[in-house]
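Trainee: Below is a structure I'd like to ask you about.
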Amino acid sequence: MSTPLVKLENVNYYYNRGKPSEVHALKNINIEIPRGGYAAFFGPSGCGKTTLTYLIGGIETENTDSGNILINGRDLRGLEKKELAVYRQIGVGIIFQQFNLLPSLTVLDNVALPMAFLGIDVERRKKEALKLLDRFGMTKYSARFPSDLSGGQQQRVSIARALSNNPPLIIADEPLGNLDSENANKALEFLKELNEKDGRTIIMVTHESWSLRDARLVIYLKDGEVIRTDEPKNKIDAKKSLSEHFYKQLYPESPPENLMAQSLSSMLARGLSGQEIKRFELFLAERLKGNITSEHFIDFLDQPFKDGGLGLWKQRAIKISETVDELAHNRKKVEDVYHELERNPEVPLYEEISKMRDWLLSSYSGTLDEIGRVRFDEAVEDRIRNVISSEHFCRVLELPRKDFGVGLSMSAIRGISERLESALTGKKYQVLH
Ligand code: ADP
Ligand code: MG
């Protein structure tokens, strides 16, 4: 096996060592990132992600009282000051969360600056910097100052700058933190491209699960410790391991509430007795199979119990029948999705999901904002792919935003889950298990 590009052995790191304010920020860290790999450091705020990138980026080399920080087999802390400076200039490019662009320099000069430290002449610096800006569609902003740019544009400049000395290793610390979803997606595409096309080794720091989609090594951190590492082979693997991670880490002992048991009949036939529900389910199944028409179905619901019906008011019967038709319609969509998945398990589902979204959310009186919608769609997709259980699905919807959830109320979630589960019933195990 070739030497990993980055290898940390038993690394500990303290802030304010020996003082009352001491923080043991990294605890016995052991990680390996292969050359050409794409690794993500994932964990909540304060778990030590940035500290870890400072060590790997050669920004902070003191206060590590034990362990080794090996880059290409050489320990950063054994390097002379000069050697360390060289590593920082050409060995690693860092994209900071706050972009760290110099406000007094133009975009072009910001990108060219790292080359200046290498003593490259002005003409060549400009030429190379322009090339990089061009790559990220920023040529026309080259004479502007950072403060004239949007967050997404500053981000692209900061990526261009990180590349300016052609480093083999790119570290991006929460590169999506200040971006809207479109720009965040673009930034992820750039990182992926740098990895796949340019062969750079990527370390991406994030606390947002959705942004792990391209990582091939996910290092989960919690309270300064690596609590798990995963090497997802593909997106579905990535989602599976993520969901297992959530399940184990966030809800270690709470028994999942069995919302799955909320079957379609209980959604539609609240208030019926056990016997009535049984009869209802029988007819409902016939209707769903298409063996009876909606008129028949309504008649049946409307007829007195003693005559074989359910004795519901006509209006309620019609309402139920409409809901069932809606369900059948969406169930058909789910079936189409599964046919598609059978042919190509990696096929993206967002279009299909956006077609179902309004229906799923019809019991929810509010509106989801952009982030809420993205997370909602992701949870639905994971559920359709059967990467997560229905209990987990409900928890994602329930969890507050800061914990990667959607933050919906239990009553809204109940309606959503009932709809989705009933559309999935009998389908979900056929394809994916
Ligand atoms: P993350 O990037 O995952 O949010 P950090 O690496 O920034 O985490 O921080 C890890 C821990 O170290 C936190 O408890 C944080 O409060 C502490 N910390 C970070 N920077 C300093 C500092 N300069 N002085 C003291 N404590 C710090
Ligand atoms: Mg941080």
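Residue names in the structure tokens use chain letters A, B, ... in the order shown, residue numbers from 1 in each chain, and ligand numbers from 1 in the order shown.
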At a cut-off of 10 Å and counting only C-alpha atoms and all ligand atoms, what residues surround ligand 2? Please answer as a VMD selection string.

Mentor: chain A and resid 43 to 54 96 to 97 173 to 174 205 to 207

Trainee: I need the alpha helix (DSSP H) residues of region 36-79 of chain A per DSSP on the backbone, written as a list in words.

Mentor: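 Residues meeting the alpha helix (DSSP H) criterion: Lys49, Thr50, Thr51, Leu52, Thr53, Tyr54, Leu55 and Ile56 of chain A.
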
Trainee: Nearest to ligand 1 among A:Pro232, A:Gly37, A:Pro114, A:Pro20, with distances taken over only C-alpha atoms and all ligand atoms: which residue is it?

Mentor: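 Smallest separation from ligand 1 among the options: A:Pro20.
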
Trainee: Rounded to one decimal, what separation in Å do you get between CA of Ile371 (chain A) and CA of Lys233 (chain A)?

Mentor: 26.8 Å

Trainee: Would you list the contacts of Asn195 (chain A) as an MDAnalysis selection string, taking every protein, DNA or RNA residue within 8 Å and counting only C-alpha atoms, but skipping same-chain residues closer than 4 positions in sequence?

Mentor: chainID A and resid 36:38 191 199:202

Trainee: Pull all heavy atoms from the residues just selected and write them as a PDB file, in the first residue's frame.

Mentor:
```pdb
ATOM      1  N   GLY A  36      -5.555  11.214  -3.426  1.00  0.00           N
ATOM      2  CA  GLY A  36      -6.662  11.170  -4.384  1.00  0.00           C
ATOM      3  C   GLY A  36      -8.014  10.889  -3.740  1.00  0.00           C
ATOM      4  O   GLY A  36      -9.009  10.756  -4.432  1.00  0.00           O
ATOM      5  N   GLY A  37      -8.036  10.810  -2.410  1.00  0.00           N
ATOM      6  CA  GLY A  37      -9.295  10.517  -1.724  1.00  0.00           C
ATOM      7  C   GLY A  37     -10.159  11.766  -1.548  1.00  0.00           C
ATOM      8  O   GLY A  37      -9.727  12.877  -1.802  1.00  0.00           O
ATOM      9  N   TYR A  38     -11.378  11.511  -1.140  1.00  0.00           N
ATOM     10  CA  TYR A  38     -12.296  12.606  -0.822  1.00  0.00           C
ATOM     11  C   TYR A  38     -12.866  12.278   0.556  1.00  0.00           C
ATOM     12  O   TYR A  38     -13.713  11.396   0.683  1.00  0.00           O
ATOM     13  CB  TYR A  38     -13.382  12.694  -1.881  1.00  0.00           C
ATOM     14  CG  TYR A  38     -14.365  13.852  -1.727  1.00  0.00           C
ATOM     15  CD1 TYR A  38     -14.892  14.466  -2.856  1.00  0.00           C
ATOM     16  CD2 TYR A  38     -14.782  14.314  -0.488  1.00  0.00           C
ATOM     17  CE1 TYR A  38     -15.800  15.521  -2.759  1.00  0.00           C
ATOM     18  CE2 TYR A  38     -15.672  15.359  -0.372  1.00  0.00           C
ATOM     19  CZ  TYR A  38     -16.183  15.956  -1.501  1.00  0.00           C
ATOM     20  OH  TYR A  38     -17.081  16.984  -1.392  1.00  0.00           O
ATOM     21  N   LEU A 191     -15.807  20.894  -5.911  1.00  0.00           N
ATOM     22  CA  LEU A 191     -14.934  20.027  -5.109  1.00  0.00           C
ATOM     23  C   LEU A 191     -14.834  18.641  -5.735  1.00  0.00           C
ATOM     24  O   LEU A 191     -13.768  18.048  -5.822  1.00  0.00           O
ATOM     25  CB  LEU A 191     -15.463  19.906  -3.675  1.00  0.00           C
ATOM     26  CG  LEU A 191     -15.327  21.139  -2.781  1.00  0.00           C
ATOM     27  CD1 LEU A 191     -15.944  20.879  -1.423  1.00  0.00           C
ATOM     28  CD2 LEU A 191     -13.854  21.531  -2.629  1.00  0.00           C
ATOM     29  N   GLY A 199      -7.607  15.174  -9.730  1.00  0.00           N
ATOM     30  CA  GLY A 199      -6.900  14.249  -8.859  1.00  0.00           C
ATOM     31  C   GLY A 199      -6.467  14.821  -7.516  1.00  0.00           C
ATOM     32  O   GLY A 199      -5.557  14.304  -6.886  1.00  0.00           O
ATOM     33  N   ARG A 200      -7.103  15.920  -7.096  1.00  0.00           N
ATOM     34  CA  ARG A 200      -6.732  16.471  -5.782  1.00  0.00           C
ATOM     35  C   ARG A 200      -7.325  15.601  -4.673  1.00  0.00           C
ATOM     36  O   ARG A 200      -8.424  15.062  -4.821  1.00  0.00           O
ATOM     37  CB  ARG A 200      -7.295  17.869  -5.567  1.00  0.00           C
ATOM     38  CG  ARG A 200      -7.111  18.813  -6.665  1.00  0.00           C
ATOM     39  CD  ARG A 200      -5.706  19.272  -6.747  1.00  0.00           C
ATOM     40  NE  ARG A 200      -5.517  19.751  -8.093  1.00  0.00           N
ATOM     41  CZ  ARG A 200      -4.476  20.424  -8.506  1.00  0.00           C
ATOM     42  NH1 ARG A 200      -3.492  20.650  -7.688  1.00  0.00           N
ATOM     43  NH2 ARG A 200      -4.400  20.839  -9.723  1.00  0.00           N
ATOM     44  N   THR A 201      -6.623  15.597  -3.587  1.00  0.00           N
ATOM     45  CA  THR A 201      -7.173  14.983  -2.384  1.00  0.00           C
ATOM     46  C   THR A 201      -8.013  16.052  -1.683  1.00  0.00           C
ATOM     47  O   THR A 201      -7.562  17.173  -1.521  1.00  0.00           O
ATOM     48  CB  THR A 201      -6.033  14.515  -1.466  1.00  0.00           C
ATOM     49  OG1 THR A 201      -5.185  13.649  -2.223  1.00  0.00           O
ATOM     50  CG2 THR A 201      -6.582  13.791  -0.242  1.00  0.00           C
ATOM     51  N   ILE A 202      -9.222  15.691  -1.318  1.00  0.00           N
ATOM     52  CA  ILE A 202     -10.132  16.669  -0.725  1.00  0.00           C
ATOM     53  C   ILE A 202     -10.445  16.305   0.718  1.00  0.00           C
ATOM     54  O   ILE A 202     -10.734  15.146   1.017  1.00  0.00           O
ATOM     55  CB  ILE A 202     -11.478  16.712  -1.494  1.00  0.00           C
ATOM     56  CG1 ILE A 202     -11.273  16.927  -2.996  1.00  0.00           C
ATOM     57  CG2 ILE A 202     -12.433  17.740  -0.889  1.00  0.00           C
ATOM     58  CD1 ILE A 202     -10.893  18.315  -3.411  1.00  0.00           C
TER      59      ILE A 202
END
```

Trainee: What gap, in Å, lies between CA of Leu169 (chain A) and CA of Gly93 (chain A)?

Mentor: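 Taking CA of Leu169 (chain A) as the start and CA of Gly93 (chain A) as the end point, the length is 6.3 Å.
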
Trainee: With only C-alpha atoms and all ligand atoms as the basis for distance, which of A:Asp148, A:Asp75, A:Glu225, A:Glu335 is at the shortest distance from ligand 1?

Mentor: A:Glu225

Trainee: Just want the 10 Å neighbourhood of Asn68 (chain A), counted on only C-alpha atoms, with same-chain residues fewer than 2 positions away dropped. Output as a list in words.

Mentor: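 Contacts, in chain order: Lys7, Leu8, Glu9, Asn10, Val11, Asn12, Ile29, Asn30, Thr64, Asp65, Ser66, Leu70, Ile71, Gly73, Arg74, Asp75, Leu76, Arg77 and Gly78 of chain A.
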
Trainee: For the selection you just gave me, I'd like the residues written to a file as a PDB file, in the first residue's frame, keeping C-alpha atoms.

Mentor:
```
ATOM      1  CA  LYS A   7      -2.120  10.205   8.434  1.00  0.00           C
ATOM      2  CA  LEU A   8      -2.749  11.185  12.028  1.00  0.00           C
ATOM      3  CA  GLU A   9      -1.536   8.889  14.766  1.00  0.00           C
ATOM      4  CA  ASN A  10      -2.781   9.254  18.317  1.00  0.00           C
ATOM      5  CA  VAL A  11      -3.083  13.001  18.046  1.00  0.00           C
ATOM      6  CA  ASN A  12      -4.201  14.998  21.054  1.00  0.00           C
ATOM      7  CA  ILE A  29      -7.205  10.949  16.737  1.00  0.00           C
ATOM      8  CA  ASN A  30      -6.207   8.235  14.280  1.00  0.00           C
ATOM      9  CA  THR A  64      -0.075  18.776  20.199  1.00  0.00           C
ATOM     10  CA  ASP A  65       1.566  16.986  23.037  1.00  0.00           C
ATOM     11  CA  SER A  66       1.387  13.544  21.584  1.00  0.00           C
ATOM     12  CA  LEU A  70       2.112  12.777   8.854  1.00  0.00           C
ATOM     13  CA  ILE A  71       1.726  14.366   5.465  1.00  0.00           C
ATOM     14  CA  GLY A  73       4.864  10.222   5.551  1.00  0.00           C
ATOM     15  CA  ARG A  74       6.611  13.243   7.065  1.00  0.00           C
ATOM     16  CA  ASP A  75       5.627  14.631  10.459  1.00  0.00           C
ATOM     17  CA  LEU A  76       4.712  18.309  10.204  1.00  0.00           C
ATOM     18  CA  ARG A  77       6.019  18.947  13.669  1.00  0.00           C
ATOM     19  CA  GLY A  78       9.444  17.667  12.743  1.00  0.00           C
TER      20      GLY A  78
END
```

Trainee: With a distance cut-off of 12 Å and only C-alpha atoms, select the neighbouring residues of Val380 (chain A), excluding the residue or stretch itself and same-chain residues fewer than 4 positions from it, and output the selection as a PyMOL selection string.

Mentor: chain A and resi 334+349-357+360-361+373-376+384-390+392-394+396-397+406+413+416-417+419-421+423-424

Trainee: Can you list, as a list in words, every protein, DNA or RNA residue that comes within 7 Å of Pro4 (chain A) when you count only C-alpha atoms, leaving out same-chain residues fewer than 3 positions away?

Mentor: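 Final neighbour list, sorted by chain and number: Lys7, Glu32, Ile33, Pro34, Arg35 and Asn72 of chain A.
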
Trainee: Would you save the residues from that selection as a PDB file, in the first residue's frame, using all heavy atoms?

Mentor:
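Listed below is the output, again_6.pdb:
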```
ATOM      1  N   LYS A   7      -1.958  11.238   7.418  1.00  0.00           N
ATOM      2  CA  LYS A   7      -2.120  10.205   8.434  1.00  0.00           C
ATOM      3  C   LYS A   7      -1.904  10.818   9.809  1.00  0.00           C
ATOM      4  O   LYS A   7      -0.848  11.402  10.068  1.00  0.00           O
ATOM      5  CB  LYS A   7      -1.110   9.083   8.191  1.00  0.00           C
ATOM      6  CG  LYS A   7      -1.232   7.946   9.181  1.00  0.00           C
ATOM      7  CD  LYS A   7      -0.348   6.785   8.793  1.00  0.00           C
ATOM      8  CE  LYS A   7      -0.536   5.653   9.768  1.00  0.00           C
ATOM      9  NZ  LYS A   7       0.216   4.452   9.397  1.00  0.00           N
ATOM     10  N   GLU A  32      -6.589   8.163   8.425  1.00  0.00           N
ATOM     11  CA  GLU A  32      -5.753   8.044   7.229  1.00  0.00           C
ATOM     12  C   GLU A  32      -6.561   8.475   6.026  1.00  0.00           C
ATOM     13  O   GLU A  32      -7.688   8.005   5.828  1.00  0.00           O
ATOM     14  CB  GLU A  32      -5.362   6.572   6.996  1.00  0.00           C
ATOM     15  CG  GLU A  32      -4.099   6.174   7.682  1.00  0.00           C
ATOM     16  CD  GLU A  32      -3.664   4.759   7.316  1.00  0.00           C
ATOM     17  OE1 GLU A  32      -3.887   4.351   6.152  1.00  0.00           O
ATOM     18  OE2 GLU A  32      -3.133   4.088   8.203  1.00  0.00           O
ATOM     19  N   ILE A  33      -5.992   9.351   5.227  1.00  0.00           N
ATOM     20  CA  ILE A  33      -6.677   9.769   4.001  1.00  0.00           C
ATOM     21  C   ILE A  33      -5.764   9.471   2.824  1.00  0.00           C
ATOM     22  O   ILE A  33      -4.640   9.975   2.758  1.00  0.00           O
ATOM     23  CB  ILE A  33      -7.016  11.275   4.043  1.00  0.00           C
ATOM     24  CG1 ILE A  33      -7.910  11.550   5.256  1.00  0.00           C
ATOM     25  CG2 ILE A  33      -7.694  11.709   2.752  1.00  0.00           C
ATOM     26  CD1 ILE A  33      -8.078  13.010   5.586  1.00  0.00           C
ATOM     27  N   PRO A  34      -6.229   8.602   1.926  1.00  0.00           N
ATOM     28  CA  PRO A  34      -5.348   8.211   0.825  1.00  0.00           C
ATOM     29  C   PRO A  34      -5.173   9.346  -0.184  1.00  0.00           C
ATOM     30  O   PRO A  34      -6.015  10.239  -0.272  1.00  0.00           O
ATOM     31  CB  PRO A  34      -6.105   7.045   0.176  1.00  0.00           C
ATOM     32  CG  PRO A  34      -7.530   7.289   0.509  1.00  0.00           C
ATOM     33  CD  PRO A  34      -7.543   7.965   1.851  1.00  0.00           C
ATOM     34  N   ARG A  35      -4.085   9.288  -0.904  1.00  0.00           N
ATOM     35  CA  ARG A  35      -3.865  10.232  -2.004  1.00  0.00           C
ATOM     36  C   ARG A  35      -5.003  10.089  -3.011  1.00  0.00           C
ATOM     37  O   ARG A  35      -5.391   8.971  -3.351  1.00  0.00           O
ATOM     38  CB  ARG A  35      -2.545   9.859  -2.653  1.00  0.00           C
ATOM     39  CG  ARG A  35      -2.068  10.737  -3.765  1.00  0.00           C
ATOM     40  CD  ARG A  35      -0.680  10.278  -4.179  1.00  0.00           C
ATOM     41  NE  ARG A  35       0.205  10.330  -2.997  1.00  0.00           N
ATOM     42  CZ  ARG A  35       0.754  11.450  -2.548  1.00  0.00           C
ATOM     43  NH1 ARG A  35       0.525  12.575  -3.162  1.00  0.00           N
ATOM     44  NH2 ARG A  35       1.517  11.434  -1.475  1.00  0.00           N
ATOM     45  N   ASN A  72       2.195  12.830   3.697  1.00  0.00           N
ATOM     46  CA  ASN A  72       3.092  12.116   2.806  1.00  0.00           C
ATOM     47  C   ASN A  72       4.216  11.413   3.572  1.00  0.00           C
ATOM     48  O   ASN A  72       5.347  11.335   3.113  1.00  0.00           O
ATOM     49  CB  ASN A  72       3.702  13.110   1.823  1.00  0.00           C
ATOM     50  CG  ASN A  72       3.722  12.517   0.440  1.00  0.00           C
ATOM     51  OD1 ASN A  72       3.364  11.355   0.257  1.00  0.00           O
ATOM     52  ND2 ASN A  72       4.143  13.304  -0.529  1.00  0.00           N
TER      53      ASN A  72
END
```

Trainee: Nearest residue to ligand 1 out of A:Pro168, A:Gly18, A:Gly224, A:Gly58, using only C-alpha atoms and all ligand atoms?

Mentor: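 For ligand 1, the nearest of the candidates is A:Gly224.
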
Trainee: Of the candidates A:Ala187, A:Ile277, A:Leu149, A:Leu105, which one gets nearest to Leu310 (chain A) if we count only C-alpha atoms?

Mentor: A:Ile277

Trainee: To one decimal place in Å, what is the distance between CA of Leu101 (chain A) and CA of Arg144 (chain A)?

Mentor: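 Computing the Euclidean distance for CA of Leu101 (chain A) and CA of Arg144 (chain A) yields 12.2 Å.
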
Trainee: Taking 5 positions as the minimum chain separation for residues in the same chain, which residues sit within 12 Å of Gln155 (chain A) when counting only C-alpha atoms? Answer as a ChimeraX atom specification.

Mentor: /A:94-101,107,111,133,136-138,146,149-150,160-162,172-180,183-184,186-188,190-191

Trainee: Pick out the closest residue to Gln89 (chain A) from this set: A:Ser164, A:Asn344, A:Asn185, A:Gln153. Count only C-alpha atoms.

Mentor: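 Among the listed residues, the smallest separation from Gln89 (chain A) belongs to A:Ser164.
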
Trainee: Counting only C-alpha atoms and all ligand atoms, which residue out of A:Met204, A:Ala85, A:Ile69, A:Leu108 sits closest to ligand 1?

Mentor: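 Looking at the shortest contact to ligand 1, the residue is A:Met204.
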
Trainee: Running DSSP on the backbone, which parts of region 66-121 of chain A land in strand (DSSP E or B), as a list of chain:residue names?

Mentor: A:Ser66, A:Gly67, A:Asn68, A:Ile69, A:Leu70, A:Ile71, A:Arg74, A:Asp75, A:Val92, A:Gly93, A:Ile94, A:Ile95

Trainee: Suppose we keep C-alpha atoms; can you now write the selection as a PDB file, in the first residue's frame?

Mentor:
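out-v8.pdb, written as the output of this step:
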```
ATOM      1  CA  SER A  66       1.387  13.544  21.584  1.00  0.00           C
ATOM      2  CA  GLY A  67       0.946  11.763  18.310  1.00  0.00           C
ATOM      3  CA  ASN A  68       2.069  12.380  14.747  1.00  0.00           C
ATOM      4  CA  ILE A  69       0.701  14.479  11.928  1.00  0.00           C
ATOM      5  CA  LEU A  70       2.112  12.777   8.854  1.00  0.00           C
ATOM      6  CA  ILE A  71       1.726  14.366   5.465  1.00  0.00           C
ATOM      7  CA  ARG A  74       6.611  13.243   7.065  1.00  0.00           C
ATOM      8  CA  ASP A  75       5.627  14.631  10.459  1.00  0.00           C
ATOM      9  CA  VAL A  92      -2.151  22.500   0.840  1.00  0.00           C
ATOM     10  CA  GLY A  93      -4.891  24.882  -0.260  1.00  0.00           C
ATOM     11  CA  ILE A  94      -7.426  25.912   2.336  1.00  0.00           C
ATOM     12  CA  ILE A  95     -10.898  27.239   1.641  1.00  0.00           C
TER      13      ILE A  95
END
```
